[in-house]
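Visitor: Got target04.cif for you, mmCIF, C-alpha atoms:
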data_work
#
loop_
_atom_site.label_atom_id
_atom_site.label_comp_id
_atom_site.auth_asym_id
_atom_site.auth_seq_id
_atom_site.Cartn_x
_atom_site.Cartn_y
_atom_site.Cartn_z
CA MET V 1 -90.42 78.92 222.40
CA ASN V 2 -88.38 81.33 220.36
CA VAL V 3 -87.77 79.79 216.95
CA GLN V 4 -84.16 80.95 216.83
CA PHE V 5 -83.36 79.08 220.06
CA LYS V 6 -84.86 75.90 218.71
CA LYS V 7 -82.93 75.78 215.46
CA GLY V 8 -79.48 75.35 216.98
CA VAL V 9 -80.60 73.47 220.05
CA LEU V 10 -82.55 70.78 218.18
CA GLU V 11 -79.40 69.53 216.50
CA LEU V 12 -77.64 69.31 219.85
CA CYS V 13 -80.59 67.42 221.38
CA VAL V 14 -80.85 64.99 218.49
CA LEU V 15 -77.15 64.14 218.72
CA ALA V 16 -77.29 63.84 222.50
CA VAL V 17 -80.24 61.44 222.44
CA ALA V 18 -78.49 59.28 219.84
CA GLU V 19 -75.36 59.18 221.99
CA ARG V 20 -77.16 57.11 224.59
CA GLY V 21 -77.81 54.38 222.03
CA ASP V 22 -78.88 53.70 218.47
CA CYS V 23 -82.52 54.55 217.97
CA TYR V 24 -85.11 54.60 215.25
CA GLY V 25 -86.81 57.78 214.09
CA TYR V 26 -90.02 57.51 216.06
CA GLU V 27 -88.16 56.78 219.28
CA LEU V 28 -85.87 59.76 218.86
CA VAL V 29 -88.75 62.07 218.01
CA GLU V 30 -90.71 60.87 221.02
CA ARG V 31 -87.83 61.44 223.46
CA ILE V 32 -87.25 64.96 222.22
CA SER V 33 -90.89 66.00 222.07
CA GLN V 34 -91.31 64.89 225.68
CA SER V 35 -89.03 67.70 226.77
CA ILE V 36 -89.34 70.29 224.02
CA ASP V 37 -92.48 71.53 222.35
CA ILE V 38 -91.87 71.22 218.60
CA ALA V 39 -93.48 70.01 215.42
CA GLU V 40 -92.20 66.45 215.46
CA GLY V 41 -92.22 66.22 211.69
CA THR V 42 -89.39 68.73 211.41
CA ILE V 43 -86.97 66.37 213.16
CA TYR V 44 -86.78 63.92 210.26
CA PRO V 45 -85.34 66.46 207.78
CA LEU V 46 -82.78 67.32 210.45
CA LEU V 47 -81.88 63.64 210.84
CA ARG V 48 -81.51 63.37 207.08
CA ARG V 49 -79.18 66.35 206.90
CA LEU V 50 -77.07 65.11 209.81
CA HIS V 51 -76.83 61.79 208.02
CA GLU V 52 -75.69 63.52 204.84
CA ASP V 53 -73.17 65.57 206.80
CA GLY V 54 -71.70 62.36 208.18
CA CYS V 55 -72.81 62.62 211.80
CA PHE V 56 -75.11 59.60 211.56
CA GLU V 57 -75.03 56.27 209.84
CA THR V 58 -78.30 54.44 209.28
CA TYR V 59 -79.24 50.78 209.06
CA LEU V 60 -82.45 48.81 208.84
CA LYS V 61 -83.37 46.36 211.55
CA GLU V 62 -86.29 44.00 211.80
CA SER V 63 -88.78 44.87 214.48
CA GLY V 64 -90.53 41.86 215.96
CA GLY V 65 -93.35 41.00 213.56
CA GLY V 66 -93.44 44.33 211.77
CA ALA V 67 -91.74 46.12 208.93
CA PRO V 68 -88.02 46.91 209.36
CA ARG V 69 -87.17 50.18 211.06
CA LYS V 70 -84.46 52.67 210.14
CA TYR V 71 -81.97 53.03 212.98
CA TYR V 72 -79.64 55.97 213.48
CA ARG V 73 -76.18 55.51 214.91
CA LEU V 74 -73.79 58.29 215.89
CA THR V 75 -70.51 58.27 213.94
CA PRO V 76 -67.17 59.39 215.40
CA GLN V 77 -67.66 62.66 213.53
CA GLY V 78 -71.10 62.97 215.09
CA ARG V 79 -69.60 62.43 218.53
CA GLU V 80 -67.08 65.16 217.88
CA VAL V 81 -69.77 67.60 216.73
CA LEU V 82 -71.82 66.72 219.81
CA ARG V 83 -68.84 67.31 222.09
CA THR V 84 -68.21 70.74 220.58
CA MET V 85 -71.87 71.78 220.63
CA ARG V 86 -72.31 70.56 224.17
CA ALA V 87 -69.34 72.62 225.36
CA GLU V 88 -70.63 75.70 223.53
CA TRP V 89 -74.07 75.22 225.00
CA THR V 90 -72.78 74.80 228.55
CA ARG V 91 -70.75 77.98 228.22
CA PHE V 92 -73.70 79.82 226.76
CA VAL V 93 -76.16 78.69 229.42
CA ALA V 94 -73.70 79.59 232.19
CA GLY V 95 -73.34 83.07 230.73
CA VAL V 96 -77.07 83.62 230.43
CA SER V 97 -77.68 82.31 233.94
CA THR V 98 -75.14 84.74 235.32
CA ILE V 99 -76.86 87.65 233.62
CA LEU V 100 -80.31 86.55 234.73
CA SER V 101 -79.29 85.96 238.34
CA GLU V 102 -77.59 89.37 238.52
CA GLY V 103 -80.99 90.87 237.85
CA THR V 104 -82.75 89.34 240.88
CA HIS V 105 -80.47 90.95 243.47
CA HIS V 106 -81.34 94.48 242.47
CA ASP V 107 -84.31 96.76 242.01
CA PRO V 108 -85.48 95.89 238.51
CA ASN V 109 -85.83 99.59 237.63
CA GLY V 110 -82.42 100.51 238.99
CA LEU V 111 -78.86 99.90 237.95
CA PRO V 112 -76.59 97.22 239.35
CA GLY V 113 -74.89 98.56 242.44
CA ARG V 114 -77.99 100.15 243.95
CA ALA V 115 -78.81 97.05 245.94
CA GLY V 116 -78.60 98.95 249.21
CA ALA V 117 -81.10 101.61 248.12
CA ALA V 118 -83.46 98.96 246.73
CA ALA V 119 -83.37 96.97 249.96
CA GLU V 120 -84.36 100.07 251.95
CA GLN V 121 -87.31 100.73 249.65
CA ALA V 122 -88.53 97.13 249.66
CA PRO V 123 -91.68 96.60 251.78
CA MET E 124 -106.11 64.26 209.13
CA THR E 125 -105.85 60.73 207.86
CA ARG E 126 -102.55 59.09 207.11
CA THR E 127 -103.19 58.95 203.37
CA ASP E 128 -104.28 62.58 203.19
CA PHE E 129 -101.26 63.67 205.15
CA LEU E 130 -98.80 61.73 203.04
CA ALA E 131 -100.51 62.77 199.82
CA ALA E 132 -100.32 66.42 200.80
CA LEU E 133 -96.68 66.02 201.74
CA GLU E 134 -95.88 64.26 198.46
CA ARG E 135 -97.47 67.10 196.53
CA LEU E 136 -95.56 69.79 198.45
CA LEU E 137 -92.30 67.95 197.87
CA SER E 138 -92.79 67.53 194.13
CA LYS E 139 -89.74 69.71 193.52
CA LEU E 140 -87.43 67.22 195.16
CA PRO E 141 -85.67 64.54 193.11
CA GLU E 142 -87.71 61.35 192.99
CA ALA E 143 -85.39 59.16 195.08
CA ARG E 144 -85.12 61.69 197.87
CA ARG E 145 -88.84 62.33 197.93
CA ALA E 146 -89.56 58.62 198.20
CA ASP E 147 -87.05 58.35 201.03
CA VAL E 148 -88.63 61.25 202.94
CA LEU E 149 -92.13 59.81 202.54
CA ALA E 150 -90.89 56.41 203.71
CA ASP E 151 -89.70 58.02 206.96
CA TYR E 152 -93.18 59.40 207.66
CA GLU E 153 -94.91 56.21 206.62
CA GLU E 154 -92.73 54.41 209.15
CA HIS E 155 -93.63 57.04 211.76
CA PHE E 156 -97.34 56.54 211.21
CA ARG E 157 -96.93 52.77 211.27
CA ILE E 158 -95.05 52.71 214.55
CA GLY E 159 -97.42 55.26 216.08
CA ALA E 160 -100.41 53.14 215.13
CA ALA E 161 -98.70 50.05 216.59
CA LYS E 162 -98.33 51.94 219.84
CA GLY E 163 -102.03 52.67 219.87
CA LYS E 164 -102.14 56.21 218.59
CA SER E 165 -104.76 57.35 216.12
CA ASP E 166 -103.74 58.74 212.73
CA ASP E 167 -105.24 62.06 213.73
CA GLU E 168 -103.16 62.23 216.93
CA ILE E 169 -100.00 61.36 215.05
CA ALA E 170 -100.70 63.87 212.32
CA ARG E 171 -101.30 66.58 214.86
CA SER E 172 -98.04 66.05 216.71
CA LEU E 173 -96.10 65.85 213.46
CA GLY E 174 -97.20 69.30 212.44
CA THR E 175 -98.74 70.40 209.17
CA PRO E 176 -97.49 68.91 205.87
CA ARG E 177 -96.63 72.48 204.92
CA GLN E 178 -94.33 72.91 207.92
CA ILE E 179 -92.61 69.63 207.21
CA ALA E 180 -92.21 70.35 203.52
CA ALA E 181 -90.72 73.74 204.33
CA ALA E 182 -88.23 72.10 206.71
CA CYS E 183 -87.36 69.44 204.11
CA LEU E 184 -86.79 71.93 201.32
CA ALA E 185 -84.74 74.15 203.60
CA GLU E 186 -82.48 71.31 204.72
CA GLU E 187 -82.07 70.21 201.12
CA ALA E 188 -81.16 73.72 200.05
CA VAL E 189 -78.65 73.95 202.89
CA SER E 190 -76.90 70.72 201.93
CA ARG E 191 -76.85 71.81 198.26
CA VAL E 192 -74.74 74.83 199.20
CA SER E 193 -71.71 72.76 200.13
CA GLN E 194 -72.14 70.68 196.98
CA ALA E 195 -72.28 73.66 194.64
CA GLU E 196 -69.22 74.18 192.48
CA GLY E 197 -68.13 77.43 190.92
CA THR E 198 -68.92 80.91 192.24
CA GLY E 199 -72.07 81.34 190.12
CA ALA E 200 -73.62 78.07 191.23
CA ARG E 201 -72.59 78.65 194.81
CA MET E 202 -74.23 82.10 194.86
CA ARG E 203 -77.44 80.70 193.39
CA SER E 204 -77.53 77.85 195.88
CA LEU E 205 -76.89 80.28 198.74
CA VAL E 206 -79.75 82.53 197.66
CA ARG E 207 -82.07 79.53 197.30
CA ALA E 208 -81.16 78.31 200.77
CA MET E 209 -81.70 81.75 202.23
CA VAL E 210 -85.13 82.01 200.63
CA ALA E 211 -86.02 78.62 202.06
CA LEU E 212 -84.81 79.65 205.50
CA VAL E 213 -86.75 82.92 205.33
CA GLY E 214 -89.85 80.80 204.81
CA LEU E 215 -89.11 79.06 208.09
CA GLY E 216 -88.60 82.34 209.89
CA PHE E 217 -84.95 81.55 210.60
CA PHE E 218 -83.41 84.21 208.48
CA ASN E 219 -84.21 87.84 208.80
CA ALA E 220 -84.08 89.06 205.25
CA VAL E 221 -83.96 92.67 206.40
CA PHE E 222 -80.34 92.34 207.43
CA VAL E 223 -79.33 91.31 203.95
CA ALA E 224 -81.98 92.73 201.67
CA GLY E 225 -82.05 96.22 203.17
CA PRO E 226 -78.43 97.23 202.65
CA PHE E 227 -78.31 95.28 199.41
CA PHE E 228 -81.11 97.18 197.72
CA GLY E 229 -79.78 100.45 199.02
CA LEU E 230 -76.42 99.76 197.42
CA VAL E 231 -78.01 98.56 194.19
CA GLY E 232 -79.78 101.91 194.01
CA VAL E 233 -76.48 103.73 194.44
CA LEU E 234 -74.91 101.54 191.78
CA ILE E 235 -77.69 102.30 189.30
CA GLY E 236 -77.27 106.00 189.97
CA LEU E 237 -73.54 105.79 189.35
CA TRP E 238 -74.04 103.91 186.10
CA ALA E 239 -76.48 106.56 184.93
CA ALA E 240 -73.96 109.25 185.76
CA ALA E 241 -71.19 107.35 183.99
CA LEU E 242 -73.15 106.88 180.79
CA SER E 243 -74.73 110.31 180.58
CA PRO E 244 -71.68 112.00 178.98
CA ALA E 245 -72.18 109.57 176.12
CA LEU E 246 -75.71 110.79 175.57
CA ALA E 247 -74.56 114.38 175.78
CA GLY E 248 -71.69 113.61 173.44
CA LEU E 249 -73.91 111.98 170.87
CA ALA E 250 -76.28 114.91 170.99
CA VAL E 251 -73.37 117.30 170.41
CA VAL E 252 -72.08 115.23 167.48
CA ALA E 253 -75.52 115.07 165.95
CA GLU E 254 -75.93 118.81 166.30
CA ALA E 255 -72.48 119.43 164.86
CA ALA E 256 -73.16 117.14 161.89
CA ARG E 257 -76.24 119.19 161.18
CA GLU E 258 -74.24 122.41 161.38
CA LEU E 259 -71.55 121.10 159.05
CA GLN E 260 -74.12 120.72 156.34
CA GLY E 261 -74.55 124.48 156.49
CA ALA E 262 -72.22 127.43 155.76
CA LEU E 263 -68.44 126.98 155.27
CA VAL E 264 -67.61 129.64 157.87
CA SER E 265 -68.90 127.48 160.68
CA THR E 266 -66.95 124.40 159.59
CA LEU E 267 -64.24 124.77 162.22
CA TYR E 268 -66.89 125.42 164.82
CA GLY E 269 -68.79 122.36 163.65
CA TRP E 270 -65.74 120.08 163.66
CA GLY E 271 -64.85 121.38 167.10
CA HIS E 272 -68.22 120.27 168.24
CA VAL E 273 -67.75 116.85 166.65
CA PHE E 274 -64.54 116.27 168.54
CA LEU E 275 -66.08 117.56 171.76
CA GLY E 276 -68.89 115.11 171.28
CA LEU E 277 -66.52 112.24 170.62
CA GLY E 278 -64.52 113.26 173.63
CA LEU E 279 -67.61 113.05 175.79
CA VAL E 280 -68.43 109.61 174.47
CA ALA E 281 -64.88 108.51 175.23
CA LEU E 282 -65.22 109.91 178.73
CA ALA E 283 -68.35 107.87 179.20
CA GLY E 284 -66.41 104.83 178.01
CA LEU E 285 -63.74 105.41 180.64
CA LEU E 286 -66.33 105.91 183.36
CA ALA E 287 -68.11 102.76 182.24
CA LEU E 288 -64.89 100.78 182.57
CA GLY E 289 -64.54 102.12 186.08
CA MET E 290 -68.14 101.17 186.81
CA ILE E 291 -67.56 97.63 185.57
CA VAL E 292 -64.75 97.25 188.06
CA ALA E 293 -66.90 98.78 190.81
CA THR E 294 -69.82 96.51 189.97
CA ARG E 295 -67.68 93.40 190.04
CA TRP E 296 -66.26 94.41 193.36
CA PHE E 297 -69.77 95.06 194.69
CA ALA E 298 -70.92 91.60 193.55
CA MET E 299 -67.95 90.00 195.29
CA VAL E 300 -68.52 91.87 198.55
CA THR E 301 -72.23 91.05 198.43
CA ALA E 302 -71.47 87.38 197.92
CA ARG E 303 -69.15 87.36 200.92
CA TYR E 304 -71.70 89.18 203.10
CA VAL E 305 -74.48 86.82 202.07
CA LYS E 306 -72.29 83.82 202.79
CA LEU E 307 -71.34 85.18 206.20
CA ASN E 308 -74.97 85.76 207.18
CA PHE E 309 -75.91 82.33 205.90
CA GLU E 310 -73.17 80.61 207.87
CA ILE E 311 -74.23 82.32 211.06
CA ILE E 312 -77.80 81.20 210.69
CA ALA E 313 -77.52 77.81 209.08
CA LYS E 314 -74.52 76.34 210.85
#
Show this structure as structure tokens.

Guide:
Amino acid sequence: MNVQFKKGVLELCVLAVAERGDCYGYELVERISQSIDIAEGTIYPLLRRLHEDGCFETYLKESGGGAPRKYYRLTPQGREVLRTMRAEWTRFVAGVSTILSEGTHHDPNGLPGRAGAAAEQAP
Amino acid sequence: MTRTDFLAALERLLSKLPEARRADVLADYEEHFRIGAAKGKSDDEIARSLGTPRQIAAACLAEEAVSRVSQAEGTGARMRSLVRAMVALVGLGFFNAVFVAGPFFGLVGVLIGLWAAALSPALAGLAVVAEAARELQGALVSTLYGWGHVFLGLGLVALAGLLALGMIVATRWFAMVTARYVKLNFEIIAK
């Protein structure tokens, strides 16, 4: 997947996953890597930066019988950032979808508006 | 790759980070390995899905550079932190240096050319003065001629001085515009 897509989208995904409930690093990484093919290790630096920017707060919680885990919780600021990014993303995806779907109604080598001519030529 | 090898490699690549931060980063990955193992995954599997220590270190250093930008105070420090962050982002393939470096080096070339042009009257002037000084040591009849040359030479040096002042202003302006352009590019990519 194009690296430029991933950079912006990863932040959105991380925030969105955390919105559903506090989670620890491994959990978050797992959920994201199920849907997007990325190097999981690069998510932790992102979590750290979001924490420093004030979108997350972290706390340690005992896990039954093991060492304590670091949990990430979305702050009000994080929710706001998520809301904005989600809106931008929705707009963006809608725009791209429109452009892509315009392409399928016409001869790919022709210009929009030659749908009639293309239909006649189609086998 | 084993857990210890992975973490050791990562620790080495992050040696530039402040101690506390480095320890914190490593703790995150130690936790990741621990939980993965508890869920039945082998160290090798975990290491493979994490990515290479090099990739992770690059991401860490880039994020650190990015957060340093907003902490930097004063234009000089801010510019330096911006450049460092950009270099880190180039390493990750997120920042196409051509868009910034290309025009920048072109303009630097122009600037150097202009400076050379501005200072060359000084060289010419000094040569004229030197020549005139030599002449003045000679016959009396050429004294006026010689002094004329001296003043011409000094005039040329003064001209160079004026041009240099203009170039200083131009250079400062160029630095300011460059800083703004760099910042704009950076904000587009990193935010």

Visitor: Near V:Glu11, within 12 Å and counting all atoms listed in the file, which residues show up once chain neighbours fewer than 2 positions away are dropped, as a PDB file with C-alpha atoms, keeping the file's coordinate frame?

Guide:
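Final file, part.pdb:
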ATOM      1  CA  PHE V   5     -83.360  79.080 220.060  1.00  0.00           C
ATOM      2  CA  LYS V   6     -84.860  75.900 218.710  1.00  0.00           C
ATOM      3  CA  LYS V   7     -82.930  75.780 215.460  1.00  0.00           C
ATOM      4  CA  GLY V   8     -79.480  75.350 216.980  1.00  0.00           C
ATOM      5  CA  VAL V   9     -80.600  73.470 220.050  1.00  0.00           C
ATOM      6  CA  CYS V  13     -80.590  67.420 221.380  1.00  0.00           C
ATOM      7  CA  VAL V  14     -80.850  64.990 218.490  1.00  0.00           C
ATOM      8  CA  LEU V  15     -77.150  64.140 218.720  1.00  0.00           C
ATOM      9  CA  ALA V  16     -77.290  63.840 222.500  1.00  0.00           C
ATOM     10  CA  VAL V  17     -80.240  61.440 222.440  1.00  0.00           C
ATOM     11  CA  ALA V  18     -78.490  59.280 219.840  1.00  0.00           C
ATOM     12  CA  LEU V  28     -85.870  59.760 218.860  1.00  0.00           C
ATOM     13  CA  ILE V  32     -87.250  64.960 222.220  1.00  0.00           C
ATOM     14  CA  THR V  42     -89.390  68.730 211.410  1.00  0.00           C
ATOM     15  CA  ILE V  43     -86.970  66.370 213.160  1.00  0.00           C
ATOM     16  CA  TYR V  44     -86.780  63.920 210.260  1.00  0.00           C
ATOM     17  CA  PRO V  45     -85.340  66.460 207.780  1.00  0.00           C
ATOM     18  CA  LEU V  46     -82.780  67.320 210.450  1.00  0.00           C
ATOM     19  CA  LEU V  47     -81.880  63.640 210.840  1.00  0.00           C
ATOM     20  CA  ARG V  48     -81.510  63.370 207.080  1.00  0.00           C
ATOM     21  CA  ARG V  49     -79.180  66.350 206.900  1.00  0.00           C
ATOM     22  CA  LEU V  50     -77.070  65.110 209.810  1.00  0.00           C
ATOM     23  CA  HIS V  51     -76.830  61.790 208.020  1.00  0.00           C
ATOM     24  CA  CYS V  55     -72.810  62.620 211.800  1.00  0.00           C
ATOM     25  CA  PHE V  56     -75.110  59.600 211.560  1.00  0.00           C
ATOM     26  CA  GLY V  78     -71.100  62.970 215.090  1.00  0.00           C
ATOM     27  CA  VAL V  81     -69.770  67.600 216.730  1.00  0.00           C
ATOM     28  CA  LEU V  82     -71.820  66.720 219.810  1.00  0.00           C
ATOM     29  CA  THR V  84     -68.210  70.740 220.580  1.00  0.00           C
ATOM     30  CA  MET V  85     -71.870  71.780 220.630  1.00  0.00           C
ATOM     31  CA  ARG V  86     -72.310  70.560 224.170  1.00  0.00           C
ATOM     32  CA  TRP V  89     -74.070  75.220 225.000  1.00  0.00           C
TER      33      TRP V  89
ATOM     34  CA  ALA E 313     -77.520  77.810 209.080  1.00  0.00           C
ATOM     35  CA  LYS E 314     -74.520  76.340 210.850  1.00  0.00           C
TER      36      LYS E 314
END

Visitor: Please identify every residue of chain E that has at least one atom no farther than 8 Å from an atom of chain V, counting all atoms listed in the file, and for each give the shortest atom pair and the distance in Å to one decimal, arranged by chain then increasing number, as a Markdown table.

Guide:
| residue | atom | partner | partner_atom | distance |
| --- | --- | --- | --- | --- |
| E:Val148 | CA | V:Pro45 | CA | 7.8 |
| E:Asp151 | CA | V:Tyr44 | CA | 7.4 |
| E:Tyr152 | CA | V:Gly41 | CA | 8.0 |
| E:Glu154 | CA | V:Arg69 | CA | 7.2 |
| E:His155 | CA | V:Tyr26 | CA | 5.6 |
| E:Ile158 | CA | V:Tyr26 | CA | 7.1 |
| E:Gly159 | CA | V:Tyr26 | CA | 7.7 |
| E:Ser172 | CA | V:Glu40 | CA | 6.0 |
| E:Leu173 | CA | V:Gly41 | CA | 4.3 |
| E:Gly174 | CA | V:Ala39 | CA | 4.8 |
| E:Gln178 | CA | V:Thr42 | CA | 7.4 |
| E:Ile179 | CA | V:Thr42 | CA | 5.4 |
| E:Ala182 | CA | V:Thr42 | CA | 5.9 |
| E:Cys183 | CA | V:Pro45 | CA | 5.1 |
| E:Glu186 | CA | V:Arg49 | CA | 6.3 |
| E:Glu187 | CA | V:Arg49 | CA | 7.5 |
| E:Ser190 | CA | V:Arg49 | CA | 7.0 |
| E:Gly216 | CA | V:Val3 | CA | 7.6 |
| E:Phe217 | CA | V:Gln4 | CA | 6.3 |
| E:Lys314 | CA | V:Gly8 | CA | 7.9 |

Visitor: May I ask for the distance between atom CA of E:Phe129 and atom CA of E:Asp166, given in Å to one decimal place?

Guide: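 Between atom CA of E:Phe129 and atom CA of E:Asp166 the gap works out to 9.4 Å.
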
Visitor: Evaluate the PyMOL selection byres ((chain E and resi 273) around 9) and record the selected residues as a VMD selection string, following the chain and residue labels used in the document.

Guide: chain E and resid 248 to 249 251 to 256 268 to 272 274 to 278

Visitor: Quick one: residues within 12 Å of E:Ala293, only C-alpha atoms, excluding same-chain residues fewer than 2 positions away - as a list in words?

Guide: Leu230, Val231, Val233, Leu234, Ile235, Leu237, Trp238, Ala241, Leu286, Ala287, Leu288, Gly289, Met290, Ile291, Arg295, Trp296, Phe297, Ala298, Met299 and Val300 of chain E

Visitor: How many Å lie between atom CA of E:Gly232 and atom CA of E:Arg201, rounded to one decimal?

Guide: 24.4 Å

Visitor: Please identify all polymer residues within 7 Å of E:Leu184, counting only C-alpha atoms, omitting same-chain residues fewer than 4 positions from it, and present them as a ChimeraX atom specification.

Guide: /E:180,188,211

Visitor: How about saving the chosen residues, C-alpha atoms kept, as a PDB file, keeping the file's coordinate frame?

Guide:
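Here's the written file result29.pdb:
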ATOM      1  CA  ALA E 180     -92.210  70.350 203.520  1.00  0.00           C
ATOM      2  CA  ALA E 188     -81.160  73.720 200.050  1.00  0.00           C
ATOM      3  CA  ALA E 211     -86.020  78.620 202.060  1.00  0.00           C
TER       4      ALA E 211
END

Visitor: Between atom CA of E:Val189 and atom CA of E:Ala208, measure the distance and give it in Å to one decimal.

Guide: 5.5 Å

Visitor: Closest to E:Leu205 among E:Ala247, E:Ala161, E:Leu267, E:Arg191, using only C-alpha atoms?

Guide: E:Arg191

Visitor: I would like the residues chosen by the PyMOL selection byres ((chain E and resi 137-143) around 10) on the shown file; could you give them as a list of chain:residue names?

Guide: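 Residues picked by the PyMOL selection byres ((chain E and resi 137-143) around 10): E:Ala131, E:Ala132, E:Leu133, E:Glu134, E:Arg135, E:Leu136, E:Arg144, E:Arg145, E:Ala146, E:Asp147, E:Val148, E:Leu149, E:Pro176, E:Arg177, E:Ile179, E:Ala180, E:Ala181, E:Cys183, E:Leu184, E:Glu187.
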
Visitor: Please return, as a list of chain:residue names, all polymer residues that have at least one atom within 12 Å of the point (-105.2, 60.5, 212.3); use only C-alpha atoms and the file's own coordinate frame.

Guide: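 Protein and nucleic acid residues near the point are E:Met124, E:Thr125, E:Arg126, E:Thr127, E:Asp128, E:Phe129, E:Leu130, E:Phe156, E:Arg157, E:Gly159, E:Ala160, E:Gly163, E:Lys164, E:Ser165, E:Asp166, E:Asp167, E:Glu168, E:Ile169, E:Ala170, E:Arg171, E:Ser172, E:Leu173, E:Gly174.
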
Visitor: Could N, CA, C and O atoms be built for stretch 155-167 of chain E and written out as a tab-separated table (two decimals), keeping the file's coordinate frame?

Guide:
chain	number	residue	atom	x	y	z
E	155	HIS	N	-93.19	56.36	210.54
E	155	HIS	CA	-93.63	57.04	211.76
E	155	HIS	C	-95.09	56.75	212.06
E	155	HIS	O	-95.46	56.43	213.19
E	156	PHE	N	-95.92	56.83	211.03
E	156	PHE	CA	-97.34	56.54	211.21
E	156	PHE	C	-97.55	55.09	211.64
E	156	PHE	O	-98.36	54.79	212.53
E	157	ARG	N	-96.80	54.20	211.00
E	157	ARG	CA	-96.93	52.77	211.27
E	157	ARG	C	-96.61	52.46	212.73
E	157	ARG	O	-97.37	51.80	213.43
E	158	ILE	N	-95.47	52.98	213.18
E	158	ILE	CA	-95.05	52.71	214.55
E	158	ILE	C	-96.01	53.34	215.54
E	158	ILE	O	-96.37	52.75	216.56
E	159	GLY	N	-96.46	54.58	215.22
E	159	GLY	CA	-97.42	55.26	216.08
E	159	GLY	C	-98.70	54.46	216.22
E	159	GLY	O	-99.23	54.30	217.33
E	160	ALA	N	-99.18	53.95	215.11
E	160	ALA	CA	-100.41	53.14	215.13
E	160	ALA	C	-100.20	51.88	215.97
E	160	ALA	O	-101.07	51.49	216.76
E	161	ALA	N	-99.01	51.26	215.82
E	161	ALA	CA	-98.70	50.05	216.59
E	161	ALA	C	-98.70	50.34	218.08
E	161	ALA	O	-99.01	49.48	218.90
E	162	LYS	N	-98.36	51.59	218.43
E	162	LYS	CA	-98.33	51.94	219.84
E	162	LYS	C	-99.69	52.44	220.31
E	162	LYS	O	-99.82	52.95	221.42
E	163	GLY	N	-100.68	52.36	219.46
E	163	GLY	CA	-102.03	52.67	219.87
E	163	GLY	C	-102.49	54.09	219.60
E	163	GLY	O	-103.55	54.50	220.07
E	164	LYS	N	-101.71	54.84	218.86
E	164	LYS	CA	-102.14	56.21	218.59
E	164	LYS	C	-102.99	56.26	217.32
E	164	LYS	O	-102.78	55.49	216.39
E	165	SER	N	-103.94	57.20	217.31
E	165	SER	CA	-104.76	57.35	216.12
E	165	SER	C	-104.01	58.17	215.08
E	165	SER	O	-103.14	58.97	215.42
E	166	ASP	N	-104.38	57.97	213.81
E	166	ASP	CA	-103.74	58.74	212.73
E	166	ASP	C	-103.85	60.24	213.00
E	166	ASP	O	-102.91	61.00	212.77
E	167	ASP	N	-105.01	60.63	213.49
E	167	ASP	CA	-105.24	62.06	213.73
E	167	ASP	C	-104.27	62.61	214.77
E	167	ASP	O	-103.70	63.68	214.61
